[in-house]
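Below is the file target-v3.cif, which contains mmCIF, N, CA and C atoms and all ligand atoms.
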data_start
#
loop_
_atom_site.label_atom_id
_atom_site.label_comp_id
_atom_site.auth_asym_id
_atom_site.auth_seq_id
_atom_site.Cartn_x
_atom_site.Cartn_y
_atom_site.Cartn_z
N MET W 1 26.07 -6.44 -3.01
CA MET W 1 25.57 -7.61 -2.26
C MET W 1 24.60 -7.13 -1.19
N PRO W 2 23.41 -7.65 -1.18
CA PRO W 2 22.44 -7.19 -0.18
C PRO W 2 22.79 -7.71 1.20
N SER W 3 22.34 -6.98 2.19
CA SER W 3 22.54 -7.43 3.57
C SER W 3 21.19 -7.81 4.15
N TYR W 4 21.23 -8.76 5.02
CA TYR W 4 20.01 -9.28 5.62
C TYR W 4 20.09 -9.14 7.13
N ASP W 5 19.00 -8.72 7.70
CA ASP W 5 18.94 -8.57 9.15
C ASP W 5 18.22 -9.76 9.76
N PHE W 6 18.81 -10.25 10.81
CA PHE W 6 18.21 -11.35 11.53
C PHE W 6 18.13 -11.01 13.01
N LEU W 7 17.27 -11.73 13.68
CA LEU W 7 17.17 -11.59 15.13
C LEU W 7 17.20 -12.99 15.73
N CYS W 8 18.12 -13.18 16.66
CA CYS W 8 18.25 -14.48 17.29
C CYS W 8 17.13 -14.65 18.32
N ARG W 9 16.44 -15.76 18.22
CA ARG W 9 15.36 -16.01 19.18
C ARG W 9 15.90 -16.55 20.49
N ASP W 10 17.11 -17.03 20.47
CA ASP W 10 17.67 -17.60 21.68
C ASP W 10 18.28 -16.53 22.57
N CYS W 11 19.13 -15.70 22.01
CA CYS W 11 19.79 -14.71 22.84
C CYS W 11 19.25 -13.30 22.58
N GLY W 12 18.40 -13.17 21.59
CA GLY W 12 17.78 -11.88 21.33
C GLY W 12 18.70 -10.90 20.64
N GLU W 13 19.77 -11.39 20.12
CA GLU W 13 20.76 -10.50 19.51
C GLU W 13 20.44 -10.29 18.03
N PRO W 14 20.25 -9.04 17.64
CA PRO W 14 20.09 -8.79 16.20
C PRO W 14 21.44 -8.78 15.52
N TYR W 15 21.46 -9.24 14.32
CA TYR W 15 22.71 -9.18 13.56
C TYR W 15 22.39 -9.05 12.09
N GLU W 16 23.41 -8.69 11.37
CA GLU W 16 23.25 -8.44 9.95
C GLU W 16 24.33 -9.18 9.19
N VAL W 17 23.93 -9.80 8.12
CA VAL W 17 24.90 -10.51 7.31
C VAL W 17 24.77 -10.04 5.87
N ARG W 18 25.88 -10.06 5.20
CA ARG W 18 25.88 -9.74 3.78
C ARG W 18 26.00 -11.03 3.00
N LEU W 19 25.04 -11.24 2.17
CA LEU W 19 25.00 -12.49 1.41
C LEU W 19 24.60 -12.18 -0.01
N SER W 20 25.07 -13.01 -0.88
CA SER W 20 24.51 -12.95 -2.22
C SER W 20 23.14 -13.59 -2.20
N MET W 21 22.36 -13.29 -3.19
CA MET W 21 21.01 -13.84 -3.25
C MET W 21 21.04 -15.37 -3.21
N SER W 22 21.98 -15.93 -3.95
CA SER W 22 22.03 -17.38 -4.03
C SER W 22 22.46 -17.98 -2.69
N ALA W 23 23.37 -17.29 -2.00
CA ALA W 23 23.81 -17.78 -0.70
C ALA W 23 22.67 -17.69 0.30
N TYR W 24 21.90 -16.62 0.20
CA TYR W 24 20.78 -16.47 1.11
C TYR W 24 19.74 -17.55 0.87
N SER W 25 19.42 -17.77 -0.38
CA SER W 25 18.40 -18.78 -0.66
C SER W 25 18.91 -20.18 -0.36
N ALA W 26 20.22 -20.31 -0.27
CA ALA W 26 20.78 -21.60 0.10
C ALA W 26 20.77 -21.80 1.61
N GLY W 27 20.36 -20.78 2.33
CA GLY W 27 20.21 -20.92 3.77
C GLY W 27 21.40 -20.43 4.56
N GLU W 28 22.32 -19.78 3.91
CA GLU W 28 23.48 -19.29 4.65
C GLU W 28 23.11 -18.06 5.47
N GLY W 29 23.87 -17.81 6.49
CA GLY W 29 23.67 -16.62 7.30
C GLY W 29 22.66 -16.79 8.40
N ARG W 30 21.98 -17.92 8.43
CA ARG W 30 20.92 -18.08 9.43
C ARG W 30 21.47 -18.74 10.69
N VAL W 31 22.60 -18.28 11.10
CA VAL W 31 23.18 -18.71 12.36
C VAL W 31 23.58 -17.47 13.13
N CYS W 32 23.16 -17.43 14.38
CA CYS W 32 23.44 -16.26 15.20
C CYS W 32 24.94 -16.07 15.35
N THR W 33 25.39 -14.85 15.11
CA THR W 33 26.81 -14.57 15.23
C THR W 33 27.25 -14.47 16.68
N ALA W 34 26.29 -14.32 17.57
CA ALA W 34 26.63 -14.16 18.98
C ALA W 34 26.70 -15.50 19.70
N CYS W 35 25.69 -16.34 19.49
CA CYS W 35 25.64 -17.59 20.25
C CYS W 35 25.67 -18.82 19.36
N GLY W 36 25.58 -18.63 18.07
CA GLY W 36 25.71 -19.77 17.18
C GLY W 36 24.42 -20.53 16.97
N SER W 37 23.33 -20.05 17.54
CA SER W 37 22.06 -20.73 17.37
C SER W 37 21.52 -20.51 15.96
N ASP W 38 20.81 -21.50 15.48
CA ASP W 38 20.17 -21.30 14.18
C ASP W 38 18.69 -21.00 14.36
N ASN W 39 18.30 -20.70 15.58
CA ASN W 39 16.92 -20.33 15.86
C ASN W 39 16.78 -18.82 15.68
N VAL W 40 16.83 -18.41 14.45
CA VAL W 40 16.81 -16.99 14.16
C VAL W 40 15.64 -16.66 13.25
N GLU W 41 15.27 -15.42 13.26
CA GLU W 41 14.23 -15.00 12.35
C GLU W 41 14.70 -13.79 11.56
N ARG W 42 14.20 -13.69 10.39
CA ARG W 42 14.55 -12.59 9.50
C ARG W 42 13.79 -11.35 9.94
N THR W 43 14.48 -10.27 10.05
CA THR W 43 13.81 -9.02 10.38
C THR W 43 13.98 -8.04 9.23
N LEU W 44 13.08 -7.13 9.15
CA LEU W 44 13.15 -6.12 8.10
C LEU W 44 13.50 -4.80 8.73
N SER W 45 14.55 -4.21 8.28
CA SER W 45 14.93 -2.92 8.86
C SER W 45 14.69 -1.79 7.87
N ALA W 46 15.71 -1.46 7.15
CA ALA W 46 15.60 -0.30 6.28
C ALA W 46 14.89 -0.64 4.98
N ALA W 47 14.69 -1.92 4.75
CA ALA W 47 14.08 -2.30 3.48
C ALA W 47 12.62 -1.87 3.44
N PHE W 48 11.99 -1.87 4.61
CA PHE W 48 10.58 -1.50 4.66
C PHE W 48 10.41 -0.26 5.51
N VAL W 49 10.66 0.85 4.93
CA VAL W 49 10.46 2.12 5.63
C VAL W 49 9.01 2.54 5.43
N VAL W 50 8.36 2.82 6.53
CA VAL W 50 6.97 3.26 6.44
C VAL W 50 6.94 4.66 5.86
N SER W 51 6.18 4.80 4.82
CA SER W 51 6.12 6.11 4.19
C SER W 51 5.31 7.08 5.04
N GLY W 52 5.56 8.32 4.88
CA GLY W 52 4.84 9.32 5.65
C GLY W 52 5.71 9.92 6.72
N GLY W 53 7.00 9.88 6.55
CA GLY W 53 7.89 10.43 7.54
C GLY W 53 8.20 11.89 7.31
N GLY W 54 7.32 12.59 6.65
CA GLY W 54 7.53 14.01 6.44
C GLY W 54 7.47 14.39 4.98
N SER W 55 8.27 13.74 4.19
CA SER W 55 8.32 14.12 2.78
C SER W 55 7.18 13.44 2.03
N HIS W 56 6.45 14.25 1.32
CA HIS W 56 5.35 13.69 0.54
C HIS W 56 5.89 12.99 -0.69
N ARG W 57 5.33 11.85 -0.92
CA ARG W 57 5.69 11.19 -2.16
C ARG W 57 4.96 11.87 -3.32
N SER W 58 5.65 12.03 -4.37
CA SER W 58 4.98 12.55 -5.55
C SER W 58 3.99 11.51 -6.04
N SER W 59 2.76 11.93 -6.17
CA SER W 59 1.72 10.98 -6.51
C SER W 59 1.88 10.50 -7.94
N GLY W 60 2.82 9.66 -8.13
CA GLY W 60 3.11 9.22 -9.47
C GLY W 60 2.23 8.04 -9.88
N CYS W 61 2.48 6.90 -9.33
CA CYS W 61 1.78 5.72 -9.80
C CYS W 61 1.16 4.94 -8.66
N SER W 62 0.85 5.60 -7.56
CA SER W 62 0.19 4.88 -6.49
C SER W 62 -1.32 4.92 -6.73
N PRO W 63 -1.91 3.77 -6.84
CA PRO W 63 -3.35 3.72 -7.19
C PRO W 63 -4.24 4.21 -6.05
N SER W 64 -3.85 3.97 -4.83
CA SER W 64 -4.68 4.41 -3.71
C SER W 64 -4.02 5.58 -3.03
N SER W 65 -4.49 6.77 -3.30
CA SER W 65 -3.88 7.95 -2.73
C SER W 65 -4.71 8.51 -1.59
N GLY W 66 -5.61 7.71 -1.04
CA GLY W 66 -6.37 8.17 0.10
C GLY W 66 -5.69 7.81 1.40
N PHE W 67 -4.50 8.29 1.56
CA PHE W 67 -3.68 7.86 2.68
C PHE W 67 -3.94 8.69 3.93
N THR W 68 -4.00 9.98 3.76
CA THR W 68 -4.17 10.83 4.92
C THR W 68 -5.59 10.73 5.32
ZN ZN O 101 22.00 -15.88 19.54
#
Starting from the file, lay out its structure as structure tokens.
Amino acid sequence: MPSYDFLCRDCGEPYEVRLSMSAYSAGEGRVCTACGSDNVERTLSAAFVVSGGGSHRSSGCSPSSGFT
């Protein structure tokens, strides 16, 4: 089951919920666990790791390899 990271816009508290895809698309989990506000935004944490943290990617199928 994937986990989703959210950030509460009201209290600024980040939180993470584990939801099934269907539960997520149904809108579940979008309530702050700290203050109960539904004024939250989805944040991306480990899902979007910026490449270039030391280990070179093997140039397999990336079309644009002019990164450096
Ligand atoms: Zn909150």
Which residues form the shell of 6.5 Å around ligand ZN 101 (chain O) when you count all atoms listed in the file, given as a PyMOL selection string?
-> chain W and resi 8-13+32-37
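Note that the spacing between atom CA of W:Ala26 and atom N of W:Tyr4 amounts to 13.8 Å.
Of the listed residues (W:Asp5, W:Asp38, W:Thr43, W:Val31), W:Asp5 comes nearest to W:Arg18; the distances count only N, CA and C atoms.
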Interatomic distance, atom CA of W:Met1 to atom CA of W:Glu41 (Å, one decimal) =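 Result for atom CA of W:Met1 versus atom CA of W:Glu41: 19.9 Å, one decimal.
Neighbours of W:Leu19 closer than or equal to 8 Å, with only N, CA and C atoms counted and sequence neighbours fewer than 5 positions away skipped, come out as Met1, Pro2, Ser3, Tyr4, Tyr24, Ser25, Glu28 and Gly29 of chain W.
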